[in-house]
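Some notes on the structure that comes next.
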Amino acid sequence: MTPTRAAARAPRLDLAVGKATMAFLLAIAAWLMPAPAAAQIGSDRYSAMVLDARNGNVLIAANADEQRYPASLTKMMTLYMLFEALREGRVQLNTAIRMSEEAASRPPSKLGLPPGMTLTVEQAILALVTKSANDVASAVGEHLGGSEDRFAQLMTLRARAIGMTRTTFRNASGLPDPDNVTTARDMATLGLRLLRDFPNRYHYFSTVHFAWGRQMIRNHNRMLGDYEGADGIKTGFIRDSGFNIVTSAMRDGVRLVGVTMGGSSWVERDRHMGALMDQGFAQLGVAARPPSSLMAGGGAVGAARAATVRGRGTVDRRAVATRSAPTRARVGAGQGTAAASA
């Protein structure tokens with residue numbers, strides 16, 4: 001090629017390179033931005049919904065009535081049943097729940113209480129909310145239903161009674177079962193009912209840390225503290241479900257309940273949940289907030305919180321909950337419990 005032809009082609013090459021660079025930068029920017037309401041985060045497992053908690057109006061919905069595996073979102077219903085038993089006086093916060101061999105055999109995530117030992121109802125609540133303990137969920141089911149299978153039947157009946165029309169429970173934990181199914185709409189309904197039916201118990205979902213013996217257990221729900229206004233509710237994951245979450249958040253007196261199911265990672269799930277909640281608040285005229293560490297892709301808040309916990313030194317050997325408020329609740333050891341040595 002002659003120098004003259006090369007010189008003539010140079011501007012075109014520069015233009016082509018410039019266009020390719022711009023396209024690449026736009027693709028990166030699009031990838032980094034929060035996903036829109038019609039996000040492609042979970043292929044055929046994806047579904048989502050956002051409700052205005054004041055009136056139940058649907059603000060956002062995607063595949064909301066398609067059945068999905070709830071994973072540990074199932075424990076929201078286990079907790080609903082436990083809160084109902086507390087309200088009716090069938091159990092007290094200090095009632096001892098025995099860990100059976102069957103319950104103790106459940107795979108992680110678990111608290112690891114040996115068979116024959118006990119924990120209190122309040123400790124069980126905290127273990128379910130933070131650790132998402134499968135062994136504790138099974139023990140609660142056995143305590144309330146006589147057997148976990150019977151408890152799952154009762155869960156399903158109660159779910160249908162409160163409007164969860166496409167949900168069937170087969171266990172108390174959400175461990176894999178092909179017939180343990182729900183929908184984003186039903187999970188949003190359950191989140192809303194937990195808020196409305198048990199306003200005096202909802203604060204448990206705001207628990208950030210739970211001290212169990214020498215362990216300091218962090219809540220799996222990283223939206224707490226990382227998304228402004230978030231104060232619950234529950235996360236879930238099994239391989240067939242992807243990463244699920246039900247979230248409630250309040251800003252300027254407006255509360256939303258949101259659901260995202262089928263994320264490929266907890267980071268993607270939480271960022272998308274945050275984007276959906278932002279979109280819901282915007283629809284209701286709530287002023288936008290600066291991006292949180294979660295939405296910006298950072299983890300500084302969670303890392304700082306973990307470092308704070310590590311710096312506290314030895315914790316009391318009885319169970320302790322640390323909530324998002326600057327208060328601390330000490331949980332009693334219960335009757336005959338082995339919590340002090342668990």
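Following the order of the structure tokens, chains are lettered A, B, ..., residues in each are numbered from 1, and ligands are numbered from 1.
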Task: Sel. of strand (DSSP E) residues, range 127-286 of chain A, as a PyMOL selection string - done: chain A and resi 207-212+215-218+230-238+242-251+254-263
Once you count only C-alpha atoms, what closest atom pair and distance in Å to one decimal does each residue of range 170-234 of chain A within 12 Å of range 55-60 of chain A have, with rows by chain and rising residue number, as CSV?
```
residue,atom,partner,partner_atom,distance
A:Ala184,CA,A:Ile60,CA,11.0
A:Arg185,CA,A:Val58,CA,9.3
A:Ala188,CA,A:Gly56,CA,9.3
A:Thr189,CA,A:Gly56,CA,8.4
A:Leu190,CA,A:Gly56,CA,11.5
A:Gly191,CA,A:Gly56,CA,10.9
A:Leu192,CA,A:Gly56,CA,7.9
A:Arg193,CA,A:Gly56,CA,10.2
A:Leu195,CA,A:Gly56,CA,11.8
A:Arg196,CA,A:Gly56,CA,11.0
```
What does the file look like for those residues with N, CA, C and O atoms, as a PDB file, in the first residue's frame?
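This is the output file out-v7.pdb:
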```pdb
ATOM      1  N   ALA A 184     -43.869 -15.041  42.830  1.00  0.00           N
ATOM      2  CA  ALA A 184     -43.472 -13.724  43.337  1.00  0.00           C
ATOM      3  C   ALA A 184     -44.666 -13.009  43.967  1.00  0.00           C
ATOM      4  O   ALA A 184     -44.533 -12.356  45.002  1.00  0.00           O
ATOM      5  N   ARG A 185     -45.834 -13.143  43.364  1.00  0.00           N
ATOM      6  CA  ARG A 185     -47.024 -12.504  43.926  1.00  0.00           C
ATOM      7  C   ARG A 185     -47.356 -13.070  45.306  1.00  0.00           C
ATOM      8  O   ARG A 185     -47.673 -12.328  46.245  1.00  0.00           O
ATOM      9  N   ALA A 188     -44.859 -11.784  47.846  1.00  0.00           N
ATOM     10  CA  ALA A 188     -45.158 -10.394  48.188  1.00  0.00           C
ATOM     11  C   ALA A 188     -46.357 -10.330  49.130  1.00  0.00           C
ATOM     12  O   ALA A 188     -46.372  -9.541  50.081  1.00  0.00           O
ATOM     13  N   THR A 189     -47.344 -11.168  48.863  1.00  0.00           N
ATOM     14  CA  THR A 189     -48.511 -11.238  49.744  1.00  0.00           C
ATOM     15  C   THR A 189     -48.100 -11.650  51.151  1.00  0.00           C
ATOM     16  O   THR A 189     -48.553 -11.059  52.150  1.00  0.00           O
ATOM     17  N   LEU A 190     -47.226 -12.647  51.260  1.00  0.00           N
ATOM     18  CA  LEU A 190     -46.778 -13.113  52.568  1.00  0.00           C
ATOM     19  C   LEU A 190     -45.982 -12.027  53.293  1.00  0.00           C
ATOM     20  O   LEU A 190     -46.164 -11.815  54.499  1.00  0.00           O
ATOM     21  N   GLY A 191     -45.105 -11.345  52.564  1.00  0.00           N
ATOM     22  CA  GLY A 191     -44.367 -10.254  53.186  1.00  0.00           C
ATOM     23  C   GLY A 191     -45.290  -9.184  53.726  1.00  0.00           C
ATOM     24  O   GLY A 191     -45.095  -8.674  54.842  1.00  0.00           O
ATOM     25  N   LEU A 192     -46.306  -8.847  52.950  1.00  0.00           N
ATOM     26  CA  LEU A 192     -47.267  -7.837  53.375  1.00  0.00           C
ATOM     27  C   LEU A 192     -48.062  -8.307  54.586  1.00  0.00           C
ATOM     28  O   LEU A 192     -48.304  -7.531  55.529  1.00  0.00           O
ATOM     29  N   ARG A 193     -48.443  -9.567  54.613  1.00  0.00           N
ATOM     30  CA  ARG A 193     -49.210 -10.092  55.750  1.00  0.00           C
ATOM     31  C   ARG A 193     -48.366 -10.163  57.018  1.00  0.00           C
ATOM     32  O   ARG A 193     -48.871  -9.959  58.124  1.00  0.00           O
ATOM     33  N   LEU A 195     -46.099  -8.044  57.827  1.00  0.00           N
ATOM     34  CA  LEU A 195     -46.103  -6.656  58.294  1.00  0.00           C
ATOM     35  C   LEU A 195     -47.414  -6.297  58.978  1.00  0.00           C
ATOM     36  O   LEU A 195     -47.428  -5.688  60.054  1.00  0.00           O
ATOM     37  N   ARG A 196     -48.513  -6.644  58.342  1.00  0.00           N
ATOM     38  CA  ARG A 196     -49.836  -6.231  58.839  1.00  0.00           C
ATOM     39  C   ARG A 196     -50.318  -7.076  60.014  1.00  0.00           C
ATOM     40  O   ARG A 196     -50.915  -6.547  60.954  1.00  0.00           O
TER      41      ARG A 196
END
```
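Using only C-alpha atoms, the residues found no farther than 6 Å from range 214-224 of chain A, other than those of its own chain fewer than 5 positions away, are Thr130, Val208, His209, Ala230, Asp231 and Thr235 of chain A.
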For Met295 in chain A, please output as a ChimeraX atom specification all residues within 7 Å (counting only C-alpha atoms; exclusion window: fewer than 3 positions along the same chain). /A:34,271,274,291-292
Tyr69 in chain A environment, 7 Å, only C-alpha atoms, sequence neighbours closer than 3 positions dropped, as a list of chain:residue names: A:Asn180, A:Val181, A:Thr182, A:Ser241
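Counting only C-alpha atoms, Ala137 in chain A has the following residues at most 9 Å away, ignoring those fewer than 2 positions along the same chain: Lys75, Thr78, Leu79, Ala103, Ala124, Ala127, Leu128, Ser132, Ala133, Asn134, Asp135, Ala139, Val140, Gly141, Glu142, Asn171, Ala172 and Ser173 of chain A.
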I'd like the neighbourhood of Arg289 in chain A as a list in words, where a residue qualifies if any of its atoms comes within 12 Å (using only C-alpha atoms), though same-chain residues fewer than 2 positions away should be ignored.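 Once the adjacent positions are removed, what remains is Tyr227, Glu228, Gly229, Arg251, Asp252, Gly274, Ala275, Met277, Asp278, Gln279, Phe281, Ala282, Val286, Ala287, Pro291, Ser292, Ser293 and Met295 of chain A.
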Closest of A:Leu73, A:Ile245, A:Val121, A:Leu51 to Gly262 in chain A, counting only C-alpha atoms, is A:Ile245
Which one of A:Ser100, A:Asn244, A:Ser206, A:Thr74 sits closest to Ala152 in chain A if you count only C-alpha atoms?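 Nearest candidate to Ala152 in chain A out of A:Ser100, A:Asn244, A:Ser206, A:Thr74: A:Thr74.
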Restricting the calculation to only C-alpha atoms: of A:Ala71, A:Ile233, A:Ala85, A:Leu113, which residue gets closest to Pro176 in chain A?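 Smallest separation from Pro176 in chain A among the options: A:Ala71.
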Min atom-atom distance to Phe151 in chain A from the set A:Ala211, A:Phe237, A:Ala104, A:Met81, counting only C-alpha atoms, belongs to A:Met81
message: Report, in Å to a single decimal, how far apart CA of Asp149 in chain A and CA of Glu66 in chain A are.
response: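 Pair CA of Glu66 in chain A / CA of Asp149 in chain A returns 24.7 Å.
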Shortest contact to Ser138 in chain A, candidates A:Val267, A:Ile162, A:Leu119, A:Met99, atoms counted only C-alpha atoms, goes to A:Met99
query: Which one of A:Thr247, A:Thr183, A:Ser264, A:Thr207 sits closest to Arg68 in chain A if you count only C-alpha atoms?
result: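 Ranked by minimum distance to Arg68 in chain A, first place goes to A:Thr183.
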